[in-house]
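Pasted below: structure26.txt, compact mmCIF, C-alpha atoms and all ligand atoms.
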# COMPACT_ATOMS: atom_id res chain seq x y z
CA MET A 1 0.00 0.00 0.00
CA SER A 2 1.25 3.47 -0.85
CA THR A 3 2.46 5.65 2.01
CA SER A 4 2.31 8.70 -0.26
CA LEU A 5 -1.50 8.65 -0.09
CA MET A 6 -3.40 10.09 2.84
CA PRO A 7 -4.90 7.09 4.61
CA THR A 8 -8.52 8.26 4.32
CA TYR A 9 -9.70 4.86 3.06
CA ALA A 10 -9.17 1.38 4.49
CA ARG A 11 -8.63 0.08 0.96
CA GLN A 12 -9.17 -3.54 0.04
CA PRO A 13 -6.06 -5.36 -1.22
CA VAL A 14 -7.07 -5.56 -4.87
CA ALA A 15 -6.44 -3.34 -7.89
CA PHE A 16 -8.52 -3.52 -11.03
CA VAL A 17 -6.91 -2.93 -14.37
CA ARG A 18 -9.79 -3.29 -16.81
CA GLY A 19 -13.50 -3.82 -17.01
CA GLU A 20 -16.23 -4.82 -19.39
CA GLY A 21 -19.95 -4.61 -18.67
CA ILE A 22 -20.57 -5.96 -15.17
CA TRP A 23 -17.11 -7.54 -14.95
CA LEU A 24 -13.84 -6.24 -13.54
CA GLU A 25 -10.43 -7.82 -13.93
CA ASP A 26 -7.58 -7.45 -11.43
CA GLU A 27 -3.86 -7.23 -12.11
CA HIS A 28 -3.54 -11.03 -11.92
CA GLY A 29 -6.23 -11.63 -14.53
CA ARG A 30 -8.95 -12.67 -12.01
CA ARG A 31 -12.50 -11.73 -12.92
CA TYR A 32 -15.02 -10.23 -10.47
CA LEU A 33 -18.76 -9.72 -10.82
CA ASP A 34 -19.16 -6.07 -9.91
CA ALA A 35 -22.39 -5.62 -7.96
CA LEU A 36 -21.32 -2.19 -6.72
CA SER A 37 -20.62 -0.25 -9.97
CA GLY A 38 -18.03 2.02 -8.34
CA ILE A 39 -20.67 2.90 -5.68
CA ALA A 40 -23.66 3.47 -7.96
CA VAL A 41 -21.63 5.24 -10.65
CA CYS A 42 -21.05 2.99 -13.66
CA GLY A 43 -24.70 2.22 -14.37
CA LEU A 44 -23.96 1.37 -17.97
CA GLY A 45 -21.20 -0.97 -16.90
CA HIS A 46 -17.47 -0.67 -17.46
CA ALA A 47 -15.82 0.44 -20.71
CA HIS A 48 -19.11 1.03 -22.50
CA PRO A 49 -18.05 1.49 -26.14
CA ARG A 50 -20.43 4.42 -26.78
CA ILE A 51 -19.28 6.25 -23.63
CA ALA A 52 -15.64 5.60 -24.50
CA ALA A 53 -16.20 6.92 -28.03
CA ALA A 54 -17.98 10.05 -26.75
CA ILE A 55 -15.08 10.79 -24.37
CA ALA A 56 -12.44 10.22 -27.06
CA GLU A 57 -14.24 12.27 -29.70
CA GLN A 58 -14.99 15.19 -27.39
CA ALA A 59 -11.44 15.15 -25.95
CA GLN A 60 -10.13 15.54 -29.48
CA THR A 61 -12.54 18.43 -30.11
CA LEU A 62 -12.84 20.55 -26.95
CA ILE A 63 -12.46 19.67 -23.27
CA HIS A 64 -12.93 22.87 -21.31
CA THR A 65 -13.61 26.54 -21.89
CA SER A 66 -15.00 27.76 -18.49
CA ASN A 67 -18.39 29.13 -17.58
CA LEU A 68 -17.38 32.60 -18.75
CA TYR A 69 -18.68 31.59 -22.17
CA ARG A 70 -21.72 29.85 -23.58
CA ILE A 71 -21.35 26.07 -23.63
CA PRO A 72 -23.84 24.63 -26.15
CA LEU A 73 -23.39 21.05 -24.85
CA GLN A 74 -24.22 22.29 -21.35
CA GLU A 75 -27.37 23.99 -22.61
CA LYS A 76 -28.35 20.80 -24.42
CA LEU A 77 -27.73 18.66 -21.31
CA ALA A 78 -29.72 21.05 -19.11
CA ALA A 79 -32.67 20.84 -21.53
CA GLU A 80 -32.39 17.06 -21.64
CA LEU A 81 -32.32 16.73 -17.83
CA CYS A 82 -35.31 19.07 -17.52
CA THR A 83 -37.19 16.95 -20.07
CA VAL A 84 -36.52 13.66 -18.28
CA SER A 85 -37.31 15.09 -14.84
CA GLY A 86 -39.99 17.76 -15.31
CA MET A 87 -37.71 20.23 -13.53
CA THR A 88 -37.10 23.74 -14.93
CA ARG A 89 -33.42 24.66 -14.65
CA CYS A 90 -29.98 23.15 -13.99
CA PHE A 91 -26.64 24.09 -12.50
CA PHE A 92 -23.71 21.75 -13.17
CA ALA A 93 -21.08 20.80 -10.60
CA ASN A 94 -18.55 17.99 -10.22
CA SER A 95 -19.58 15.81 -7.27
CA GLY A 96 -22.54 14.91 -5.13
CA ALA A 97 -21.34 16.95 -2.17
CA GLU A 98 -20.91 19.96 -4.40
CA ALA A 99 -24.41 19.58 -5.82
CA ASN A 100 -25.77 19.42 -2.26
CA GLU A 101 -23.81 22.56 -1.37
CA GLY A 102 -25.68 24.27 -4.20
CA ALA A 103 -28.99 22.98 -2.82
CA LEU A 104 -28.15 24.24 0.69
CA LYS A 105 -27.26 27.66 -0.68
CA LEU A 106 -30.64 27.75 -2.44
CA ALA A 107 -32.38 26.94 0.84
CA ARG A 108 -30.65 29.83 2.57
CA LEU A 109 -31.55 32.21 -0.26
CA HIS A 110 -35.16 31.07 -0.01
CA GLY A 111 -35.06 31.74 3.74
CA HIS A 112 -33.59 35.20 3.36
CA ARG A 113 -36.17 36.00 0.69
CA ARG A 114 -38.81 35.08 3.28
CA GLY A 115 -37.15 37.44 5.80
CA ILE A 116 -35.66 34.69 7.97
CA ALA A 117 -32.23 35.83 9.13
CA ARG A 118 -30.93 32.42 10.29
CA PRO A 119 -32.67 29.85 8.08
CA ALA A 120 -32.47 26.15 8.94
CA VAL A 121 -32.76 23.00 6.86
CA LEU A 122 -34.50 19.90 8.15
CA VAL A 123 -32.35 16.78 7.67
CA MET A 124 -32.70 13.12 8.56
CA GLU A 125 -31.07 10.62 10.87
CA ASN A 126 -28.92 8.05 9.02
CA SER A 127 -28.64 10.34 5.99
CA PHE A 128 -25.53 10.91 3.91
CA HIS A 129 -24.96 14.08 1.91
CA GLY A 130 -21.18 14.34 1.45
CA ARG A 131 -17.88 15.27 3.05
CA THR A 132 -17.64 19.04 2.68
CA LEU A 133 -18.24 21.00 5.87
CA ALA A 134 -21.86 21.88 5.11
CA THR A 135 -22.76 18.45 3.72
CA LEU A 136 -21.10 16.54 6.57
CA SER A 137 -23.02 18.76 8.97
CA ALA A 138 -26.22 17.81 7.12
CA THR A 139 -25.25 14.12 7.26
CA GLY A 140 -26.90 12.04 9.98
CA ASN A 141 -23.85 10.05 11.02
CA VAL A 142 -21.58 11.20 13.85
CA LYS A 143 -18.65 9.17 12.46
CA VAL A 144 -18.60 11.47 9.43
CA GLN A 145 -18.67 14.59 11.64
CA LYS A 146 -16.27 13.58 14.42
CA GLY A 147 -13.15 15.76 14.56
CA PHE A 148 -14.55 18.43 12.26
CA GLU A 149 -16.43 20.51 14.81
CA PRO A 150 -17.62 23.23 14.85
CA LEU A 151 -20.21 21.93 12.42
CA VAL A 152 -22.01 24.26 10.05
CA ASP A 153 -25.04 25.74 11.76
CA GLY A 154 -28.62 25.63 10.60
CA PHE A 155 -29.62 21.97 10.53
CA ILE A 156 -32.49 20.39 12.45
CA ARG A 157 -32.57 16.61 12.50
CA VAL A 158 -35.52 14.23 12.66
CA PRO A 159 -35.82 10.47 12.09
CA PHE A 160 -36.18 9.38 8.46
CA ASP A 161 -39.68 8.25 7.47
CA ASP A 162 -41.37 10.07 10.36
CA ILE A 163 -43.92 12.68 9.27
CA ALA A 164 -45.13 13.36 12.83
CA ALA A 165 -41.58 14.30 13.85
CA ILE A 166 -41.45 16.83 11.01
CA GLU A 167 -44.78 18.33 12.05
CA LYS A 168 -43.45 18.71 15.58
CA ALA A 169 -40.24 20.31 14.32
CA ALA A 170 -42.29 22.72 12.22
CA GLN A 171 -44.06 23.96 15.35
CA GLU A 172 -40.87 24.30 17.35
CA HIS A 173 -38.66 25.82 14.64
CA PRO A 174 -40.16 28.64 12.58
CA GLU A 175 -36.68 29.12 11.07
CA ILE A 176 -36.99 25.95 8.96
CA VAL A 177 -37.05 26.81 5.25
CA ALA A 178 -36.38 23.49 3.52
CA ILE A 179 -36.19 19.72 3.84
CA LEU A 180 -33.17 17.87 2.45
CA VAL A 181 -33.80 14.15 2.16
CA GLU A 182 -32.73 11.08 0.19
CA PRO A 183 -35.89 9.39 -1.18
CA ILE A 184 -34.17 6.08 -0.37
CA GLN A 185 -31.24 6.33 2.03
CA GLY A 186 -28.21 4.83 0.32
CA GLU A 187 -25.00 4.96 2.34
CA SER A 188 -26.75 3.91 5.53
CA GLY A 189 -27.80 0.68 3.84
CA VAL A 190 -30.75 1.01 1.40
CA ARG A 191 -33.52 2.28 3.70
CA LEU A 192 -36.89 2.82 2.03
CA PRO A 193 -39.72 4.69 3.71
CA ALA A 194 -41.89 1.96 5.28
CA GLN A 195 -45.03 3.86 4.28
CA GLY A 196 -43.94 3.64 0.62
CA LEU A 197 -42.18 6.20 -1.53
CA THR A 198 -45.37 7.77 -2.89
CA THR A 199 -46.99 8.27 0.54
CA TYR A 200 -43.78 9.60 2.10
CA LEU A 201 -42.89 12.00 -0.72
CA SER A 202 -46.50 13.20 -1.06
CA ALA A 203 -46.61 13.94 2.68
CA LEU A 204 -43.30 15.82 2.45
CA ARG A 205 -44.59 17.78 -0.53
CA GLN A 206 -47.73 18.78 1.38
CA LEU A 207 -45.73 19.87 4.42
CA CYS A 208 -43.38 21.93 2.28
CA ASP A 209 -46.31 23.63 0.54
CA ARG A 210 -48.05 24.34 3.83
CA HIS A 211 -44.96 25.89 5.44
CA ASP A 212 -43.40 27.50 2.35
CA TRP A 213 -40.34 25.22 2.59
CA LEU A 214 -38.32 23.93 -0.33
CA LEU A 215 -38.53 20.19 -0.87
CA MET A 216 -34.94 19.27 -1.74
CA LEU A 217 -34.25 15.67 -2.76
CA ASP A 218 -30.74 14.28 -2.66
CA GLU A 219 -30.82 11.95 -5.65
CA VAL A 220 -27.04 11.71 -5.91
CA GLN A 221 -27.32 7.94 -5.53
CA THR A 222 -30.97 7.22 -6.44
CA GLY A 223 -30.89 9.26 -9.65
CA ASN A 224 -29.92 8.45 -13.23
CA GLY A 225 -31.98 5.29 -13.57
CA ARG A 226 -30.74 3.52 -10.42
CA THR A 227 -34.25 2.71 -9.14
CA GLY A 228 -35.76 2.01 -12.57
CA ARG A 229 -37.04 5.55 -13.21
CA TYR A 230 -34.81 8.48 -14.08
CA PHE A 231 -35.22 9.88 -10.56
CA ALA A 232 -36.67 8.00 -7.58
CA PHE A 233 -39.25 10.76 -7.02
CA GLN A 234 -40.75 9.76 -10.38
CA HIS A 235 -42.18 6.66 -8.71
CA SER A 236 -44.54 9.21 -7.08
CA PRO A 237 -46.70 11.99 -8.56
CA ILE A 238 -44.83 14.85 -6.83
CA LEU A 239 -42.35 17.36 -8.20
CA PRO A 240 -39.67 18.58 -5.78
CA ASP A 241 -38.32 22.15 -5.75
CA VAL A 242 -34.67 21.09 -5.82
CA VAL A 243 -32.95 17.85 -6.86
CA SER A 244 -29.24 17.15 -6.55
CA THR A 245 -27.65 14.37 -8.54
CA ALA A 246 -24.19 13.08 -9.49
CA LYS A 247 -22.78 9.52 -9.44
CA GLY A 248 -24.43 7.81 -12.45
CA LEU A 249 -24.80 10.97 -14.51
CA GLY A 250 -21.41 10.59 -16.20
CA ASN A 251 -21.01 6.80 -15.86
CA GLY A 252 -17.68 7.40 -14.13
CA PHE A 253 -16.81 10.77 -15.60
CA PRO A 254 -17.25 13.35 -12.80
CA ILE A 255 -20.33 15.51 -13.27
CA ALA A 256 -23.14 16.58 -10.95
CA ALA A 257 -26.25 18.71 -11.26
CA VAL A 258 -28.64 20.74 -9.16
CA LEU A 259 -32.08 20.94 -10.74
CA VAL A 260 -34.73 23.42 -9.68
CA ALA A 261 -38.43 23.97 -10.29
CA GLY A 262 -41.23 26.15 -8.94
CA LYS A 263 -40.24 28.70 -6.33
CA ALA A 264 -36.58 27.59 -6.43
CA SER A 265 -36.25 28.37 -10.16
CA ASP A 266 -35.17 31.99 -9.88
CA LEU A 267 -33.20 32.05 -6.61
CA PHE A 268 -29.71 32.08 -8.11
CA GLY A 269 -28.75 35.15 -10.10
CA PRO A 270 -25.49 36.16 -11.78
CA GLY A 271 -22.46 35.91 -9.50
CA MET A 272 -24.25 34.00 -6.73
CA HIS A 273 -22.81 30.54 -7.43
CA GLY A 274 -20.08 29.19 -9.63
CA THR A 275 -17.48 26.58 -10.49
CA THR A 276 -14.45 26.39 -12.75
CA PHE A 277 -14.91 22.82 -13.93
CA GLY A 278 -18.66 22.26 -13.66
CA GLY A 279 -20.48 21.55 -16.91
CA SER A 280 -17.46 21.39 -19.21
CA PRO A 281 -18.05 20.39 -22.84
CA LEU A 282 -16.42 17.01 -22.11
CA ALA A 283 -18.47 16.26 -18.98
CA CYS A 284 -21.70 17.32 -20.69
CA ARG A 285 -21.00 15.26 -23.79
CA VAL A 286 -20.53 12.15 -21.62
CA ALA A 287 -23.68 12.86 -19.61
CA LEU A 288 -25.71 13.37 -22.81
CA CYS A 289 -24.50 10.00 -24.04
CA THR A 290 -25.30 8.42 -20.65
CA ILE A 291 -28.86 9.79 -20.62
CA GLU A 292 -29.44 8.59 -24.18
CA LEU A 293 -28.37 5.06 -23.22
CA LEU A 294 -30.42 5.16 -20.02
CA ARG A 295 -33.53 6.14 -21.96
CA ASP A 296 -32.76 3.64 -24.69
CA GLY A 297 -33.30 0.65 -22.42
CA ALA A 298 -30.89 0.67 -19.44
CA MET A 299 -33.44 2.30 -17.14
CA ASP A 300 -36.24 -0.14 -18.05
CA ASN A 301 -33.78 -2.97 -17.71
CA ALA A 302 -32.88 -1.76 -14.20
CA ALA A 303 -36.56 -1.81 -13.23
CA ARG A 304 -37.25 -5.27 -14.67
CA VAL A 305 -34.02 -7.13 -13.85
CA GLY A 306 -33.72 -5.34 -10.49
CA ALA A 307 -37.18 -6.61 -9.45
CA ALA A 308 -36.33 -10.12 -10.65
CA LEU A 309 -33.02 -10.05 -8.77
CA GLN A 310 -34.74 -8.95 -5.58
CA GLN A 311 -37.33 -11.71 -5.96
CA SER A 312 -34.71 -14.33 -6.68
CA LEU A 313 -32.63 -13.31 -3.63
CA THR A 314 -35.72 -13.36 -1.43
CA ALA A 315 -36.59 -16.86 -2.61
CA ARG A 316 -33.06 -18.21 -2.25
CA LEU A 317 -32.59 -16.74 1.23
CA GLN A 318 -35.92 -17.97 2.51
CA GLY A 319 -35.80 -19.66 5.90
CA LEU A 320 -32.94 -17.47 7.11
CA ASP A 321 -33.55 -14.46 9.35
CA ILE A 322 -32.96 -12.07 6.45
CA GLU A 323 -34.83 -9.18 4.85
CA VAL A 324 -34.35 -8.24 1.21
CA THR A 325 -35.41 -4.71 0.29
CA GLY A 326 -34.86 -2.17 -2.47
CA LEU A 327 -36.03 -0.68 -5.72
CA GLY A 328 -34.61 -1.33 -9.17
CA MET A 329 -30.85 -1.86 -8.99
CA MET A 330 -30.58 -0.58 -5.42
CA ILE A 331 -30.95 -3.61 -3.19
CA GLY A 332 -30.31 -4.15 0.51
CA ILE A 333 -29.99 -7.51 2.24
CA ILE A 334 -30.33 -7.17 5.99
CA LEU A 335 -28.65 -9.92 8.01
CA PRO A 336 -29.37 -10.80 11.64
CA GLY A 337 -25.81 -9.88 12.68
CA ASP A 338 -22.54 -8.34 11.50
CA ALA A 339 -22.14 -8.87 7.75
CA THR A 340 -18.79 -7.11 7.30
CA PRO A 341 -16.73 -10.33 7.02
CA LEU A 342 -18.72 -11.05 3.86
CA ILE A 343 -16.95 -8.25 1.99
CA GLU A 344 -13.67 -10.19 2.05
CA ARG A 345 -15.31 -13.57 1.49
CA GLY A 346 -17.21 -12.12 -1.46
CA ARG A 347 -14.08 -10.62 -2.97
CA GLU A 348 -12.22 -13.90 -2.58
CA ALA A 349 -15.12 -15.59 -4.38
CA GLY A 350 -15.03 -12.94 -7.14
CA LEU A 351 -18.06 -10.92 -6.01
CA LEU A 352 -17.99 -7.20 -5.22
CA PHE A 353 -20.58 -5.49 -3.01
CA ALA A 354 -20.67 -3.22 0.05
CA VAL A 355 -21.83 -3.56 3.64
CA SER A 356 -23.28 -0.62 5.60
CA ALA A 357 -24.30 -0.20 9.21
CA GLU A 358 -22.73 -3.64 9.89
CA ARG A 359 -25.79 -5.72 9.03
CA ARG A 360 -26.80 -4.35 5.63
CA ILE A 361 -25.37 -5.76 2.40
CA ARG A 362 -25.72 -3.19 -0.38
CA LEU A 363 -26.02 -4.17 -4.01
CA LEU A 364 -25.74 -1.43 -6.62
CA PRO A 365 -25.17 -3.45 -9.79
CA PRO A 366 -24.82 -1.96 -13.26
CA LEU A 367 -28.27 -1.11 -14.65
CA ILE A 368 -27.47 -3.09 -17.78
CA MET A 369 -27.10 -6.42 -15.96
CA ASN A 370 -29.00 -9.08 -17.93
CA ASP A 371 -31.23 -11.86 -16.63
CA SER A 372 -28.62 -14.58 -16.56
CA GLU A 373 -26.03 -12.31 -14.92
CA ALA A 374 -28.59 -11.38 -12.25
CA GLU A 375 -29.33 -15.05 -11.68
CA GLU A 376 -25.61 -15.77 -11.38
CA LEU A 377 -25.25 -12.94 -8.83
CA SER A 378 -28.26 -14.19 -6.86
CA GLU A 379 -27.03 -17.78 -6.86
CA ARG A 380 -23.43 -16.96 -5.88
CA LEU A 381 -24.33 -14.36 -3.26
CA SER A 382 -27.04 -16.39 -1.55
CA ARG A 383 -24.70 -19.37 -1.37
CA LEU A 384 -22.08 -17.12 0.23
CA ILE A 385 -24.59 -15.79 2.77
CA ARG A 386 -25.94 -19.27 3.61
CA ASP A 387 -22.42 -20.64 4.13
CA PHE A 388 -21.60 -17.64 6.31
CA LEU A 389 -24.70 -17.96 8.49
CA THR A 390 -24.72 -21.73 8.74
CA PRO A 391 -21.10 -22.86 8.48
CA GLY A 392 -20.97 -26.55 7.68
CA GLY A 393 -24.70 -26.99 8.15
CA VAL A 394 -27.92 -26.85 6.21
CA ALA A 395 -30.01 -23.73 6.85
C1 LIG B 1 -27.06 10.41 -1.23
C2 LIG B 1 -25.68 10.92 -1.41
N1 LIG B 1 -25.45 12.25 -1.38
C3 LIG B 1 -24.22 12.75 -1.54
C4 LIG B 1 -23.13 11.94 -1.73
C5 LIG B 1 -21.76 12.54 -1.91
O1 LIG B 1 -21.37 12.42 -3.24
P1 LIG B 1 -19.84 12.65 -3.65
O2 LIG B 1 -19.06 11.55 -3.02
O3 LIG B 1 -19.86 12.60 -5.14
O4 LIG B 1 -19.45 14.00 -3.12
C6 LIG B 1 -23.31 10.55 -1.77
C7 LIG B 1 -22.16 9.65 -1.94
O5 LIG B 1 -22.19 8.51 -1.60
C8 LIG B 1 -24.62 10.03 -1.60
O6 LIG B 1 -24.85 8.71 -1.63
Could you rewrite the structure in this file as structure tokens?
Ligand SMILES: Cc1ncc(COP(=O)(O)O)c(C=O)c1O
Amino acid sequence: MSTSLMPTYARQPVAFVRGEGIWLEDEHGRRYLDALSGIAVCGLGHAHPRIAAAIAEQAQTLIHTSNLYRIPLQEKLAAELCTVSGMTRCFFANSGAEANEGALKLARLHGHRRGIARPAVLVMENSFHGRTLATLSATGNVKVQKGFEPLVDGFIRVPFDDIAAIEKAAQEHPEIVAILVEPIQGESGVRLPAQGLTTYLSALRQLCDRHDWLLMLDEVQTGNGRTGRYFAFQHSPILPDVVSTAKGLGNGFPIAAVLVAGKASDLFGPGMHGTTFGGSPLACRVALCTIELLRDGAMDNAARVGAALQQSLTARLQGLDIEVTGLGMMIGIILPGDATPLIERGREAGLLFAVSAERRIRLLPPLIMNDSEAEELSERLSRLIRDFLTPGGVA
């Protein structure tokens, strides 16, 4: 392991040198089924020929000019994202945390416009919004915050999936101006609202309308086809005021977006927000190609194969004290006890996935995974889990 790198990650002892579709190959030529997609990034799989061609072609034409000038590819991408989402306007950034920073700035502007001097944003327990100072302060995980105090002010936290707690907070905190929430919590282990996405989001929408708050959805992980629709909120009839997204938007090329609609549409004016790299011709060209491929079948595939995968895992793991949950290609498998040793066992068996909050296996496979690949993943992973839970025995 390199000592020249800051040790911010407890990296696994493997290095991948190439990929194709859902497969990765390490430096010794071993193949791995990648059920993590670079943490929900490479939805179209690795080394997609159309993505590779778009990058190569655009790199030979024009990479970067800055936001001081018009960028036609950026305008085209903004229009495309507004079409797929029903939102009105876009700002492009480079990472999920940065997109959320943009959303938080919008919330504060909305508060000041309402005459609230110290506006606050309602955030959730077990949430994850990034590693910058504002986004780690918004994050509902003390491990992410520890050592970085003083945290950024202006966050009020309630449990996820608890409308009554929000109503109580509304009474106690007139300074609230927005809610920032992941429709499905990702990093804390694929947590869906128990009342269902439509009921939860509709209730949040109503509360935001009643109190003149912005409804801001962090779709950094759930966006770009991951759950089988372009954005997770599209499983419901609501339209948020702000959506942040990143990860899958560039299939591995860094690009993020903040989308706005309704009362959030005209909050930013000239000089109020900016970025050197965000929305470069190269990044936008890749994202345009990604969206085209998502609309051309990858998203529908994620919905269909994701549901089949979830069903297959549920069937194969029957009889064990295990819950399988998720939507599309975002699947959680909740074990009765610590599942972290499975990361190494999986890797040794050529399977890549993550474990969160100790007990929750997270699968974020490429959206393009086909039926037989999904069946292979289900078969290999459930065998691994059974062997782990019932060593030497029959479960
Ligand atoms: C929901 C959510 N928001 C924000 C982020 C931060 O994104 P990034 O790592 O690109 O800054 C993540 C990353 O995992 C995420 O899952």
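Checking A:Leu342, A:Val152, A:Val144, A:Leu389 one by one against ligand LIG 1 (chain B), counting only C-alpha atoms and all ligand atoms, you find the shortest gap at A:Val144.
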May I ask you to write as a count of residues only all residues lying at most 10 Å from ligand LIG 1 (chain B), with all atoms listed in the file counted?
-> 44
Using only C-alpha atoms, the shortest atom-to-atom distance to His110 of chain A among A:Gly86, A:Gly262, A:Gly297, A:Gly337 belongs to A:Gly262
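Of note, atom CA of Gly29 of chain A and atom CA of Cys42 of chain A are spaced 20.8 Å apart.
Proximity ranking of A:Gly392, A:Pro237, A:Gly350, A:Gly115 relative to Tyr32 of chain A places A:Gly350 first, based on all atoms listed in the file.
Separating atom CA of Arg11 of chain A from atom CA of Ala354 of chain A is a distance of 12.5 Å.
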Using only C-alpha atoms, which residues sit within 9 Å of Leu239 of chain A once same-chain residues fewer than 2 positions away are excluded, as a ChimeraX atom specification?
-> /A:85-87,205,215,233-234,236-237,241-242,261-262
Distance query Ile51 of chain A at most 8 Å, all atoms listed in the file, self and fewer than 4 positions along chain excluded, as a list of chain:residue names | A:Ala47, A:Ile55, A:Asn251, A:Val286, A:Cys289, A:Thr290
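Atom CA of Trp213 of chain A is positioned 4.4 Å from atom CA of Ala178 of chain A.
The shortest atom-to-atom distance to Ala357 of chain A, with only C-alpha atoms taken into account, belongs to A:Asp338 out of A:Asp338, A:Asp153, A:Glu373, A:Asp209.
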